[in-house]
$ cat upload-v1.cif   # mmCIF, C-alpha atoms (C1' of nucleotides)
data_upload
loop_
_atom_site.label_atom_id
_atom_site.label_comp_id
_atom_site.auth_asym_id
_atom_site.auth_seq_id
_atom_site.Cartn_x
_atom_site.Cartn_y
_atom_site.Cartn_z
CA MET V 5 -1.47 -39.43 97.66
CA ILE V 6 0.52 -38.84 94.53
CA CYS V 7 0.63 -41.80 92.26
CA MET V 8 3.99 -42.53 90.75
CA ALA V 9 4.41 -42.30 87.04
CA THR V 10 4.71 -45.82 85.81
CA ILE V 11 4.91 -47.44 82.46
CA ASN V 12 4.26 -51.06 81.80
CA MET V 13 6.98 -51.90 79.34
CA GLY V 14 5.50 -55.19 78.23
CA ASP V 15 2.13 -53.67 77.59
CA LEU V 16 3.80 -50.78 75.83
CA LYS V 17 5.75 -53.01 73.52
CA GLN V 18 2.55 -54.62 72.47
CA ARG V 19 0.91 -51.29 71.81
CA PHE V 20 3.82 -50.39 69.59
CA GLN V 21 3.61 -53.63 67.69
CA GLU V 22 -0.08 -53.22 67.08
CA ARG V 23 0.74 -50.12 65.10
CA GLN V 24 3.84 -51.56 63.52
CA TYR V 25 6.04 -49.16 65.39
CA LYS V 26 9.25 -50.24 66.98
CA LEU V 27 10.19 -49.68 70.57
CA THR V 28 13.70 -48.57 69.72
CA PRO V 29 16.43 -47.71 72.22
CA GLN V 30 15.92 -44.00 71.54
CA ARG V 31 12.22 -44.24 72.26
CA GLN V 32 12.86 -46.15 75.46
CA ILE V 33 15.39 -43.57 76.53
CA VAL V 34 12.91 -40.75 75.99
CA LEU V 35 10.33 -42.61 78.02
CA GLN V 36 12.86 -43.28 80.72
CA ALA V 37 13.43 -39.55 81.07
CA PHE V 38 9.80 -39.18 82.07
CA VAL V 39 9.89 -42.12 84.44
CA ASP V 40 13.02 -40.71 86.07
CA ASN V 41 11.47 -37.29 86.46
CA PRO V 42 8.02 -37.80 87.86
CA GLY V 43 5.93 -34.69 88.26
CA LYS V 44 8.13 -32.68 85.92
CA HIS V 45 6.65 -31.26 82.79
CA LEU V 46 9.42 -31.78 80.31
CA SER V 47 9.91 -29.92 77.07
CA ALA V 48 11.63 -31.44 74.06
CA GLU V 49 14.82 -29.67 74.99
CA ASP V 50 14.56 -30.81 78.61
CA VAL V 51 14.31 -34.38 77.45
CA HIS V 52 17.21 -33.89 75.08
CA ASN V 53 19.39 -32.52 77.86
CA ILE V 54 18.43 -35.26 80.26
CA VAL V 55 19.26 -38.07 77.88
CA ARG V 56 22.50 -36.39 76.81
CA LYS V 57 23.64 -36.19 80.42
CA GLN V 58 23.15 -39.92 80.63
CA SER V 59 25.68 -40.24 77.83
CA ALA V 60 23.00 -41.36 75.43
CA GLU V 61 23.51 -39.82 72.05
CA ILE V 62 20.25 -38.82 70.45
CA GLY V 63 19.20 -36.13 68.01
CA LEU V 64 16.83 -33.37 68.99
CA ALA V 65 14.71 -34.07 65.93
CA THR V 66 14.32 -37.63 67.12
CA VAL V 67 13.17 -36.38 70.49
CA TYR V 68 10.55 -34.24 68.78
CA ARG V 69 9.43 -37.14 66.60
CA THR V 70 9.28 -39.45 69.57
CA LEU V 71 7.30 -37.02 71.70
CA GLU V 72 4.79 -36.60 68.92
CA LEU V 73 4.52 -40.34 68.42
CA LEU V 74 4.03 -40.98 72.11
CA SER V 75 1.40 -38.26 72.31
CA ASP V 76 -0.48 -39.78 69.42
CA MET V 77 -0.37 -43.09 71.23
CA ASP V 78 -1.66 -41.41 74.38
CA VAL V 79 1.39 -42.54 76.30
CA LEU V 80 2.34 -38.94 76.88
CA GLN V 81 0.15 -35.91 77.11
CA LYS V 82 1.14 -32.69 75.43
CA MET V 83 0.49 -29.54 77.35
CA ASP V 84 1.16 -25.87 77.30
CA PHE V 85 1.88 -23.62 80.24
CA GLY V 86 2.32 -20.48 78.23
CA ASP V 87 6.09 -20.39 78.23
CA GLY V 88 6.37 -20.75 74.49
CA ARG V 89 7.18 -24.40 74.26
CA SER V 90 5.22 -27.62 74.50
CA ARG V 91 5.62 -29.71 77.57
CA TYR V 92 4.81 -33.34 78.14
CA GLU V 93 4.00 -35.70 80.93
CA ILE V 94 3.10 -39.33 81.26
CA ASN V 95 -0.54 -39.96 80.64
CA GLU V 96 -1.41 -42.12 83.63
CA ASP V 97 -4.68 -43.34 82.37
CA SER V 98 -5.78 -42.73 78.83
CA SER V 99 -9.15 -41.26 79.59
CA GLU V 100 -9.92 -40.83 83.25
CA HIS V 101 -8.70 -39.07 86.27
CA HIS V 102 -6.40 -36.44 84.94
CA HIS V 103 -5.01 -34.14 87.50
CA HIS V 104 -5.24 -30.39 87.15
CA HIS V 105 -2.42 -27.93 87.23
CA LEU V 106 -2.05 -25.02 89.58
CA ILE V 107 0.31 -22.53 88.01
CA CYS V 108 1.86 -19.86 90.18
CA LEU V 109 1.80 -16.50 88.46
CA SER V 110 4.65 -15.30 90.57
CA CYS V 111 7.28 -18.03 90.57
CA GLY V 112 5.97 -20.24 87.79
CA THR V 113 5.78 -23.40 89.87
CA VAL V 114 3.38 -25.95 88.51
CA LYS V 115 1.68 -27.99 91.20
CA GLU V 116 -0.59 -30.89 90.51
CA PHE V 117 -3.94 -31.44 92.01
CA GLU V 118 -6.46 -34.24 91.91
CA ASP V 119 -10.13 -33.82 92.29
CA ASP V 120 -13.07 -35.76 91.08
CA LEU V 121 -15.42 -32.82 91.05
CA LEU V 122 -14.35 -32.20 87.52
CA GLU V 123 -15.70 -35.53 86.36
CA THR V 124 -19.07 -34.35 87.55
CA LEU V 125 -18.61 -31.10 85.72
CA GLU V 126 -17.71 -32.99 82.59
CA THR V 127 -20.92 -34.95 82.74
CA VAL V 128 -22.98 -31.83 83.24
CA ILE V 129 -21.30 -30.04 80.39
CA ALA V 130 -21.54 -33.00 78.07
CA ARG V 131 -25.26 -33.14 78.69
CA LYS V 132 -25.87 -29.44 78.30
CA SER V 133 -23.69 -28.89 75.28
CA ASN V 134 -24.20 -31.94 73.13
CA PHE V 135 -20.49 -32.53 73.06
CA LYS V 136 -19.13 -36.01 73.55
CA ILE V 137 -16.28 -35.17 75.86
CA VAL V 138 -13.33 -37.51 75.95
CA ASP V 139 -10.71 -35.47 77.72
CA HIS V 140 -10.15 -32.26 79.54
CA GLN V 141 -7.37 -30.03 80.58
CA VAL V 142 -7.64 -27.56 83.38
CA LYS V 143 -5.26 -24.91 84.54
CA PHE V 144 -5.68 -22.74 87.58
CA TYR V 145 -3.61 -19.61 87.86
CA GLY V 146 -2.83 -18.05 91.16
CA TYR V 147 -0.23 -17.68 93.83
CA CYS V 148 1.37 -20.56 95.62
CA ASP V 149 1.84 -20.87 99.33
CA LYS V 150 5.35 -19.51 99.25
CA CYS V 151 4.64 -16.53 97.02
CA GLN V 152 1.60 -15.58 99.06
CA SER V 153 3.77 -15.15 102.14
CA SER V 154 6.50 -13.22 100.40
CA ARG V 155 3.95 -10.89 98.85
CA GLU V 156 2.77 -9.82 102.29
CA ASP V 157 5.93 -7.81 102.85
CA MET A 17 -27.31 -16.32 76.42
CA ILE A 18 -24.07 -15.31 74.85
CA CYS A 19 -22.84 -11.98 75.96
CA MET A 20 -21.37 -9.82 73.26
CA ALA A 21 -17.78 -8.85 73.47
CA THR A 22 -17.75 -5.25 74.44
CA ILE A 23 -15.11 -2.78 75.35
CA ASN A 24 -15.74 0.43 77.15
CA MET A 25 -13.46 2.81 75.30
CA GLY A 26 -13.64 5.56 77.87
CA ASP A 27 -12.80 3.25 80.71
CA LEU A 28 -10.08 1.71 78.60
CA LYS A 29 -8.47 5.03 77.84
CA GLN A 30 -8.28 5.68 81.53
CA ARG A 31 -6.67 2.33 82.20
CA PHE A 32 -4.08 3.17 79.61
CA GLN A 33 -3.38 6.53 81.10
CA GLU A 34 -2.97 5.08 84.56
CA ARG A 35 -0.02 3.15 83.25
CA GLN A 36 1.23 5.94 81.05
CA TYR A 37 0.43 3.98 77.94
CA LYS A 38 -1.16 5.59 74.96
CA LEU A 39 -4.27 4.38 73.23
CA THR A 40 -2.81 4.83 69.78
CA PRO A 41 -4.67 4.26 66.51
CA GLN A 42 -2.82 0.96 66.01
CA ARG A 43 -3.88 -0.28 69.42
CA GLN A 44 -7.46 0.71 68.80
CA ILE A 45 -7.41 -1.04 65.46
CA VAL A 46 -6.18 -4.24 67.06
CA LEU A 47 -8.91 -4.05 69.66
CA GLN A 48 -11.46 -3.37 66.97
CA ALA A 49 -10.50 -6.61 65.27
CA PHE A 50 -11.61 -8.46 68.38
CA VAL A 51 -14.81 -6.48 68.73
CA ASP A 52 -15.62 -7.15 65.08
CA ASN A 53 -14.97 -10.86 65.45
CA PRO A 54 -16.74 -11.96 68.57
CA GLY A 55 -16.26 -15.56 69.56
CA LYS A 56 -13.22 -15.95 67.31
CA HIS A 57 -9.93 -16.82 68.87
CA LEU A 58 -7.54 -14.73 66.87
CA SER A 59 -3.83 -15.30 66.47
CA ALA A 60 -1.37 -12.49 65.86
CA GLU A 61 -1.40 -13.26 62.18
CA ASP A 62 -5.20 -13.39 62.09
CA VAL A 63 -5.32 -9.92 63.57
CA HIS A 64 -2.69 -8.71 61.15
CA ASN A 65 -4.67 -10.00 58.19
CA ILE A 66 -7.92 -8.56 59.45
CA VAL A 67 -6.55 -5.07 59.94
CA ARG A 68 -4.73 -5.16 56.61
CA LYS A 69 -7.94 -6.01 54.81
CA GLN A 70 -9.44 -2.91 56.32
CA SER A 71 -6.74 -0.94 54.55
CA ALA A 72 -5.07 -0.15 57.84
CA GLU A 73 -1.33 -0.38 57.56
CA ILE A 74 0.24 -1.90 60.63
CA GLY A 75 3.34 -3.95 61.28
CA LEU A 76 3.15 -7.51 62.50
CA ALA A 77 5.62 -6.70 65.26
CA THR A 78 3.27 -4.00 66.46
CA VAL A 79 0.46 -6.49 66.54
CA TYR A 80 2.55 -8.80 68.69
CA ARG A 81 3.55 -5.96 70.97
CA THR A 82 -0.03 -4.80 71.26
CA LEU A 83 -1.37 -8.26 72.01
CA GLU A 84 1.17 -8.68 74.74
CA LEU A 85 0.38 -5.30 76.20
CA LEU A 86 -3.34 -5.93 76.17
CA SER A 87 -2.84 -9.31 77.79
CA ASP A 88 -0.78 -7.78 80.54
CA MET A 89 -3.56 -5.28 81.09
CA ASP A 90 -6.08 -8.12 81.20
CA VAL A 91 -8.01 -6.63 78.31
CA LEU A 92 -7.27 -9.72 76.27
CA GLN A 93 -6.66 -13.24 77.39
CA LYS A 94 -3.94 -15.31 75.83
CA MET A 95 -4.78 -18.91 75.14
CA ASP A 96 -3.45 -21.94 73.44
CA PHE A 97 -5.39 -24.53 71.53
CA GLY A 98 -2.43 -26.62 70.56
CA ASP A 99 -2.05 -25.42 67.01
CA GLY A 100 1.37 -23.95 67.55
CA ARG A 101 0.44 -20.32 67.92
CA SER A 102 -1.04 -18.21 70.67
CA ARG A 103 -4.58 -17.06 70.33
CA TYR A 104 -6.38 -14.25 72.08
CA GLU A 105 -9.87 -13.21 73.01
CA ILE A 106 -11.45 -10.36 74.85
CA ASN A 107 -11.36 -10.84 78.58
CA GLU A 108 -14.95 -10.03 79.50
CA ASP A 109 -14.41 -9.66 83.15
CA SER A 110 -10.98 -9.58 84.64
CA SER A 111 -11.44 -12.22 87.25
CA GLU A 112 -14.79 -13.96 87.20
CA HIS A 113 -16.96 -15.96 84.98
CA HIS A 114 -14.68 -17.16 82.29
CA HIS A 115 -16.25 -19.50 79.87
CA HIS A 116 -14.74 -22.85 79.06
CA HIS A 117 -13.79 -24.14 75.65
CA LEU A 118 -15.07 -27.28 74.06
CA ILE A 119 -12.65 -28.29 71.37
CA CYS A 120 -13.75 -30.79 68.76
CA LEU A 121 -11.04 -33.34 68.08
CA SER A 122 -12.50 -34.08 64.70
CA CYS A 123 -13.21 -30.74 63.05
CA GLY A 124 -11.36 -28.39 65.37
CA THR A 125 -14.34 -26.21 66.17
CA VAL A 126 -14.01 -24.34 69.40
CA LYS A 127 -17.30 -23.84 71.18
CA GLU A 128 -17.73 -21.79 74.27
CA PHE A 129 -19.55 -22.85 77.33
CA GLU A 130 -20.55 -21.14 80.54
CA ASP A 131 -20.99 -22.84 83.82
CA ASP A 132 -20.69 -21.75 87.37
CA LEU A 133 -19.85 -25.16 88.74
CA LEU A 134 -16.26 -24.34 88.15
CA GLU A 135 -16.36 -21.48 90.60
CA THR A 136 -17.29 -23.99 93.25
CA LEU A 137 -14.48 -26.22 92.15
CA GLU A 138 -12.10 -23.31 92.35
CA THR A 139 -13.07 -22.64 95.95
CA VAL A 140 -12.62 -26.26 96.90
CA ILE A 141 -9.25 -26.47 95.24
CA ALA A 142 -8.06 -23.21 96.71
CA ARG A 143 -8.89 -24.49 100.16
CA LYS A 144 -7.32 -27.90 99.72
CA SER A 145 -4.18 -26.76 97.99
CA ASN A 146 -3.21 -23.54 99.69
CA PHE A 147 -3.14 -21.78 96.36
CA LYS A 148 -4.70 -18.37 96.01
CA ILE A 149 -6.43 -18.89 92.69
CA VAL A 150 -7.11 -15.83 90.58
CA ASP A 151 -7.93 -17.35 87.23
CA HIS A 152 -8.54 -20.58 85.46
CA GLN A 153 -8.60 -21.95 82.01
CA VAL A 154 -10.45 -25.08 81.06
CA LYS A 155 -10.50 -27.02 77.87
CA PHE A 156 -12.66 -29.99 77.14
CA TYR A 157 -11.78 -32.17 74.21
CA GLY A 158 -14.35 -34.28 72.48
CA TYR A 159 -16.60 -34.51 69.49
CA CYS A 160 -19.15 -31.91 68.56
CA ASP A 161 -22.70 -32.54 67.63
CA LYS A 162 -22.02 -32.57 63.92
CA CYS A 163 -18.98 -34.83 64.05
CA GLN A 164 -20.78 -37.29 66.30
CA SER A 165 -23.42 -37.82 63.66
CA SER A 166 -21.01 -38.13 60.78
CA ARG A 167 -18.96 -40.65 62.71
CA GLU A 168 -21.90 -42.97 62.97
CA ASP A 169 -21.59 -43.91 59.31
"C1'" DC I 1 12.38 18.13 73.25
"C1'" DT I 2 11.69 13.80 75.71
"C1'" DG I 3 9.92 9.60 75.97
"C1'" DT I 4 6.67 6.46 73.80
"C1'" DC I 5 5.38 4.04 69.80
"C1'" DT I 6 5.96 2.20 65.18
"C1'" DG I 7 7.74 -0.19 61.04
"C1'" DC I 8 11.10 -2.68 59.10
"C1'" DA I 9 14.46 -5.98 58.89
"C1'" DA I 10 17.24 -9.03 61.35
"C1'" DA I 11 17.56 -12.29 65.07
"C1'" DA I 12 16.11 -15.78 67.99
"C1'" DA I 13 13.60 -19.73 69.38
"C1'" DA I 14 10.83 -23.79 68.59
"C1'" DT I 15 9.58 -27.22 65.55
"C1'" DT I 16 9.53 -29.71 61.08
"C1'" DT I 17 11.46 -31.70 57.04
"C1'" DG I 18 14.69 -33.79 53.43
"C1'" DC I 19 17.96 -36.96 52.82
"C1'" DA I 20 21.48 -40.31 53.30
"C1'" DC I 21 22.57 -43.85 56.29
"C1'" DT I 22 21.55 -47.57 59.76
"C1'" DC I 23 19.14 -51.04 61.81
"C1'" DT I 24 15.42 -54.71 62.15
"C1'" DC I 25 12.51 -58.20 60.75
"C1'" DG Q 26 16.59 -55.93 51.10
"C1'" DA Q 27 12.34 -53.36 52.22
"C1'" DG Q 28 10.56 -50.43 55.36
"C1'" DA Q 29 11.03 -48.08 59.67
"C1'" DG Q 30 13.94 -45.17 62.38
"C1'" DT Q 31 17.81 -41.98 63.09
"C1'" DG Q 32 21.02 -37.97 62.86
"C1'" DC Q 33 22.26 -33.99 60.86
"C1'" DA Q 34 21.63 -29.81 58.68
"C1'" DA Q 35 18.59 -26.89 56.38
"C1'" DA Q 36 14.05 -24.99 56.20
"C1'" DT Q 37 9.85 -23.24 58.23
"C1'" DT Q 38 7.16 -20.98 61.51
"C1'" DT Q 39 6.28 -18.08 65.34
"C1'" DT Q 40 7.79 -14.54 68.19
"C1'" DT Q 41 11.18 -11.07 69.77
"C1'" DT Q 42 14.44 -7.39 69.33
"C1'" DG Q 43 17.39 -3.36 67.62
"C1'" DC Q 44 17.19 0.73 65.70
"C1'" DA Q 45 15.95 4.88 63.16
"C1'" DG Q 46 12.27 7.69 62.37
"C1'" DA Q 47 7.37 9.44 63.67
"C1'" DC Q 48 4.38 11.15 66.94
"C1'" DA Q 49 2.23 13.05 71.28
"C1'" DG Q 50 2.32 15.78 75.45
#
$ encode --input "upload-v1.cif" --output "structure tokens"
Amino acid sequence: MICMATINMGDLKQRFQERQYKLTPQRQIVLQAFVDNPGKHLSAEDVHNIVRKQSAEIGLATVYRTLELLSDMDVLQKMDFGDGRSRYEINEDSSEHHHHHLICLSCGTVKEFEDDLLETLETVIARKSNFKIVDHQVKFYGYCDKCQSSRED
Amino acid sequence: MICMATINMGDLKQRFQERQYKLTPQRQIVLQAFVDNPGKHLSAEDVHNIVRKQSAEIGLATVYRTLELLSDMDVLQKMDFGDGRSRYEINEDSSEHHHHHLICLSCGTVKEFEDDLLETLETVIARKSNFKIVDHQVKFYGYCDKCQSSRED
DNA sequence: CTGTCTGCAAAAAATTTGCACTCTC
DNA sequence: GAGAGTGCAAATTTTTTGCAGACAG
């Protein structure tokens, strides 16, 4: 089961107001790009292209500022897949139940994967290391289904 | 037990020769920077500064080229801690037993942590996902010992 | 000599910043 | 009308590339 990326706009508006931020059209448009592209890990430029296609005029600098703001608010999560730019995705649930990423070394596909074993691991590590862990990010590198077959030539 | 970063120079020279690369002075100097700074996660500029201090003249571009080469050879591992530049560390063992990183959200310390639970997790995920996993990278974010205490003010 | 490697400077790519203008409360 | 937000262009930062010369087999 893959849970759909959703954003509760009412709730969000409130979270903005708490911090005296405004939920401007540009910010909504950026968010919409993520809602419209579930499972994609969008870079600033990706977002910029997406919103431009939808005729919405918006500056790249604004996209960057918005992505940073939304990351700070934990609405988005910033991540890095080693391709030289930051990528973002909707942060389903501020603290729990992140999925992991399986990155194919051959074709670059990024597949998502859920597993609760990591929560256990987190607990163990927290205990052993004296760290108060609040988040984690896990990347597995390997070869996807498709690339495994084509490598057997 | 923390195992010291070591590099077998003889073995390394052979690995270079296999690929028709040369183990030039510059490349050795870059490697030495990592050996001399165990547990540090050095960026290209860090390495450049370190080698310059040791009176060794070397171009930044060469450092970048060397870091990339060594990563490709799996001598170093490229990583990203979200500070806008790539960082590297010695890859102890090409495929197994990577340590994880505990990153303090307050002071930025990066602590290393070993645990074999993740190997189990890797097996489980490989089976469930049809991915042939060859490597992983795990980051835990939280608050270190020190910052936990100082936050309790 | 031939091909690899290096340094330098220039280029490219990603992100940030300054500033004037616009919009909202 | 004060402060927040935006767009644009310029600046900064990180990384890559072109090229001429140096070096190794």
$ interface_residues --input "upload-v1.cif" --of "chain A" --to "chain Q" --cutoff "8 Å" --atoms "all atoms listed in the file" --output "ChimeraX atom specification"
/A:80,100-101
$ interface_residues --input "upload-v1.cif" --of "chain A" --to "chain I" --cutoff "9 Å" --atoms "only C-alpha atoms (C1' of nucleotides)" --output "PyMOL selection string"
chain A and resi 37-38+40+42+74-78
$ resolve_selection --input "upload-v1.cif" --expression "the PyMOL selection byres ((chain A) within 10 of (chain V))" --output "PyMOL selection string"
chain A and resi 94-98+100-102+116-121+127-134+136-138+140-142+144-164
$ calpha_fit_and_write --input "upload-v1.cif" --fixed "chain V" --moving "chain A" --output "tab-separated table (two decimals) with C-alpha atoms, in the frame of the given file"
chain	number	residue	atom	x	y	z
A	17	MET	CA	-1.49	-39.53	97.66
A	18	ILE	CA	0.56	-38.92	94.59
A	19	CYS	CA	0.72	-41.84	92.29
A	20	MET	CA	4.09	-42.51	90.76
A	21	ALA	CA	4.48	-42.28	87.07
A	22	THR	CA	4.77	-45.79	85.85
A	23	ILE	CA	4.94	-47.42	82.50
A	24	ASN	CA	4.27	-51.04	81.87
A	25	MET	CA	6.97	-51.89	79.37
A	26	GLY	CA	5.47	-55.18	78.31
A	27	ASP	CA	2.09	-53.67	77.67
A	28	LEU	CA	3.75	-50.78	75.92
A	29	LYS	CA	5.70	-53.01	73.59
A	30	GLN	CA	2.46	-54.62	72.58
A	31	ARG	CA	0.83	-51.28	71.90
A	32	PHE	CA	3.73	-50.44	69.67
A	33	GLN	CA	3.51	-53.67	67.79
A	34	GLU	CA	-0.20	-53.25	67.21
A	35	ARG	CA	0.61	-50.17	65.21
A	36	GLN	CA	3.70	-51.62	63.62
A	37	TYR	CA	5.91	-49.21	65.48
A	38	LYS	CA	9.13	-50.29	67.04
A	39	LEU	CA	10.12	-49.71	70.62
A	40	THR	CA	13.62	-48.62	69.72
A	41	PRO	CA	16.36	-47.75	72.20
A	42	GLN	CA	15.87	-44.04	71.48
A	43	ARG	CA	12.17	-44.27	72.24
A	44	GLN	CA	12.82	-46.14	75.44
A	45	ILE	CA	15.38	-43.57	76.47
A	46	VAL	CA	12.89	-40.76	75.94
A	47	LEU	CA	10.31	-42.59	78.01
A	48	GLN	CA	12.88	-43.24	80.69
A	49	ALA	CA	13.47	-39.51	81.00
A	50	PHE	CA	9.84	-39.12	82.03
A	51	VAL	CA	9.94	-42.05	84.42
A	52	ASP	CA	13.09	-40.63	86.01
A	53	ASN	CA	11.55	-37.20	86.39
A	54	PRO	CA	8.12	-37.70	87.82
A	55	GLY	CA	6.02	-34.60	88.22
A	56	LYS	CA	8.23	-32.60	85.86
A	57	HIS	CA	6.71	-31.21	82.73
A	58	LEU	CA	9.47	-31.72	80.23
A	59	SER	CA	9.92	-29.89	76.97
A	60	ALA	CA	11.62	-31.43	73.96
A	61	GLU	CA	14.82	-29.67	74.85
A	62	ASP	CA	14.58	-30.76	78.48
A	63	VAL	CA	14.34	-34.35	77.35
A	64	HIS	CA	17.21	-33.87	74.95
A	65	ASN	CA	19.41	-32.49	77.70
A	66	ILE	CA	18.47	-35.21	80.14
A	67	VAL	CA	19.28	-38.04	77.77
A	68	ARG	CA	22.51	-36.39	76.66
A	69	LYS	CA	23.68	-36.14	80.24
A	70	GLN	CA	23.19	-39.86	80.51
A	71	SER	CA	25.71	-40.23	77.72
A	72	ALA	CA	23.01	-41.37	75.35
A	73	GLU	CA	23.47	-39.86	71.93
A	74	ILE	CA	20.19	-38.89	70.35
A	75	GLY	CA	19.12	-36.23	67.89
A	76	LEU	CA	16.77	-33.45	68.87
A	77	ALA	CA	14.63	-34.19	65.83
A	78	THR	CA	14.23	-37.73	67.07
A	79	VAL	CA	13.12	-36.43	70.41
A	80	TYR	CA	10.48	-34.31	68.72
A	81	ARG	CA	9.36	-37.21	66.57
A	82	THR	CA	9.21	-39.50	69.57
A	83	LEU	CA	7.25	-37.05	71.68
A	84	GLU	CA	4.73	-36.65	68.93
A	85	LEU	CA	4.43	-40.37	68.46
A	86	LEU	CA	3.98	-41.00	72.15
A	87	SER	CA	1.36	-38.28	72.36
A	88	ASP	CA	-0.56	-39.80	69.50
A	89	MET	CA	-0.44	-43.11	71.32
A	90	ASP	CA	-1.68	-41.41	74.48
A	91	VAL	CA	1.39	-42.52	76.38
A	92	LEU	CA	2.33	-38.90	76.92
A	93	GLN	CA	0.14	-35.87	77.14
A	94	LYS	CA	1.12	-32.67	75.44
A	95	MET	CA	0.50	-29.50	77.37
A	96	ASP	CA	1.18	-25.85	77.27
A	97	PHE	CA	1.97	-23.59	80.17
A	98	GLY	CA	2.40	-20.46	78.14
A	99	ASP	CA	6.16	-20.37	78.06
A	100	GLY	CA	6.40	-20.74	74.33
A	101	ARG	CA	7.20	-24.41	74.11
A	102	SER	CA	5.21	-27.60	74.43
A	103	ARG	CA	5.65	-29.68	77.50
A	104	TYR	CA	4.82	-33.31	78.09
A	105	GLU	CA	4.03	-35.65	80.93
A	106	ILE	CA	3.14	-39.27	81.29
A	107	ASN	CA	-0.52	-39.91	80.69
A	108	GLU	CA	-1.37	-42.07	83.68
A	109	ASP	CA	-4.64	-43.30	82.43
A	110	SER	CA	-5.76	-42.70	78.91
A	111	SER	CA	-9.13	-41.24	79.64
A	112	GLU	CA	-9.91	-40.75	83.30
A	113	HIS	CA	-8.65	-39.01	86.30
A	114	HIS	CA	-6.36	-36.40	84.96
A	115	HIS	CA	-4.98	-34.09	87.53
A	116	HIS	CA	-5.23	-30.35	87.20
A	117	HIS	CA	-2.39	-27.88	87.26
A	118	LEU	CA	-2.04	-25.01	89.64
A	119	ILE	CA	0.33	-22.52	88.11
A	120	CYS	CA	1.87	-19.86	90.31
A	121	LEU	CA	1.85	-16.49	88.60
A	122	SER	CA	4.67	-15.30	90.78
A	123	CYS	CA	7.29	-18.05	90.79
A	124	GLY	CA	6.03	-20.25	87.97
A	125	THR	CA	5.79	-23.41	90.02
A	126	VAL	CA	3.40	-25.93	88.62
A	127	LYS	CA	1.65	-27.98	91.27
A	128	GLU	CA	-0.60	-30.87	90.55
A	129	PHE	CA	-3.96	-31.41	92.03
A	130	GLU	CA	-6.48	-34.21	91.93
A	131	ASP	CA	-10.16	-33.79	92.25
A	132	ASP	CA	-13.11	-35.72	91.04
A	133	LEU	CA	-15.47	-32.79	90.98
A	134	LEU	CA	-14.38	-32.18	87.46
A	135	GLU	CA	-15.73	-35.51	86.32
A	136	THR	CA	-19.13	-34.33	87.45
A	137	LEU	CA	-18.64	-31.09	85.62
A	138	GLU	CA	-17.68	-32.99	82.52
A	139	THR	CA	-20.91	-34.97	82.61
A	140	VAL	CA	-22.98	-31.85	83.05
A	141	ILE	CA	-21.24	-30.08	80.22
A	142	ALA	CA	-21.44	-33.05	77.92
A	143	ARG	CA	-25.17	-33.19	78.46
A	144	LYS	CA	-25.79	-29.48	78.02
A	145	SER	CA	-23.55	-28.98	75.04
A	146	ASN	CA	-24.00	-32.06	72.92
A	147	PHE	CA	-20.28	-32.64	72.93
A	148	LYS	CA	-18.92	-36.11	73.50
A	149	ILE	CA	-16.10	-35.22	75.86
A	150	VAL	CA	-13.15	-37.57	76.00
A	151	ASP	CA	-10.57	-35.49	77.79
A	152	HIS	CA	-10.03	-32.26	79.59
A	153	GLN	CA	-7.25	-30.03	80.64
A	154	VAL	CA	-7.54	-27.54	83.43
A	155	LYS	CA	-5.20	-24.88	84.59
A	156	PHE	CA	-5.66	-22.69	87.60
A	157	TYR	CA	-3.57	-19.59	87.90
A	158	GLY	CA	-2.84	-18.02	91.22
A	159	TYR	CA	-0.27	-17.66	93.93
A	160	CYS	CA	1.28	-20.55	95.76
A	161	ASP	CA	1.68	-20.87	99.45
A	162	LYS	CA	5.21	-19.53	99.46
A	163	CYS	CA	4.56	-16.54	97.21
A	164	GLN	CA	1.49	-15.58	99.22
A	165	SER	CA	3.60	-15.19	102.32
A	166	SER	CA	6.38	-13.28	100.64
A	167	ARG	CA	3.87	-10.91	99.08
A	168	GLU	CA	2.64	-9.86	102.47
A	169	ASP	CA	5.78	-7.84	103.08
$ residues_around --input "upload-v1.cif" --residues "stretch 47-50 of chain A" --least-positions-apart "6" --cutoff "10 Å" --atoms "only C-alpha atoms (C1' of nucleotides)" --output "number ranges by chain"
A: 21-23, 25, 41, 56-58, 62-67, 70, 82-83, 86, 91-92, 104-106
$ atom_distance --input "upload-v1.cif" --atom1 "atom CA of A:Asp27" --atom2 "atom CA of A:Gly55"
22.1 Å
$ atom_distance --input "upload-v1.cif" --atom1 "atom CA of V:Glu72" --atom2 "atom CA of A:Gln93"
27.4 Å
$ build_atoms --input "upload-v1.cif" --residues "stretch 74-79 of chain A" --atoms "N, CA and C atoms" --output "mmCIF file, in the frame of the given file"
data_model
loop_
_atom_site.group_PDB
_atom_site.id
_atom_site.type_symbol
_atom_site.label_atom_id
_atom_site.label_comp_id
_atom_site.auth_asym_id
_atom_site.auth_seq_id
_atom_site.Cartn_x
_atom_site.Cartn_y
_atom_site.Cartn_z
ATOM 1 N N ILE A 74 -0.285 -1.683 59.282
ATOM 2 C CA ILE A 74 0.240 -1.900 60.630
ATOM 3 C C ILE A 74 1.215 -3.069 60.605
ATOM 4 N N GLY A 75 2.299 -2.915 61.302
ATOM 5 C CA GLY A 75 3.340 -3.950 61.280
ATOM 6 C C GLY A 75 2.999 -5.138 62.158
ATOM 7 N N LEU A 76 3.432 -6.303 61.727
ATOM 8 C CA LEU A 76 3.150 -7.510 62.500
ATOM 9 C C LEU A 76 3.770 -7.412 63.899
ATOM 10 N N ALA A 77 4.948 -6.838 63.953
ATOM 11 C CA ALA A 77 5.620 -6.700 65.260
ATOM 12 C C ALA A 77 4.773 -5.847 66.201
ATOM 13 N N THR A 78 4.145 -4.845 65.641
ATOM 14 C CA THR A 78 3.270 -4.000 66.460
ATOM 15 C C THR A 78 2.078 -4.791 66.963
ATOM 16 N N VAL A 79 1.562 -5.642 66.115
ATOM 17 C CA VAL A 79 0.460 -6.490 66.540
ATOM 18 C C VAL A 79 0.901 -7.348 67.726
#
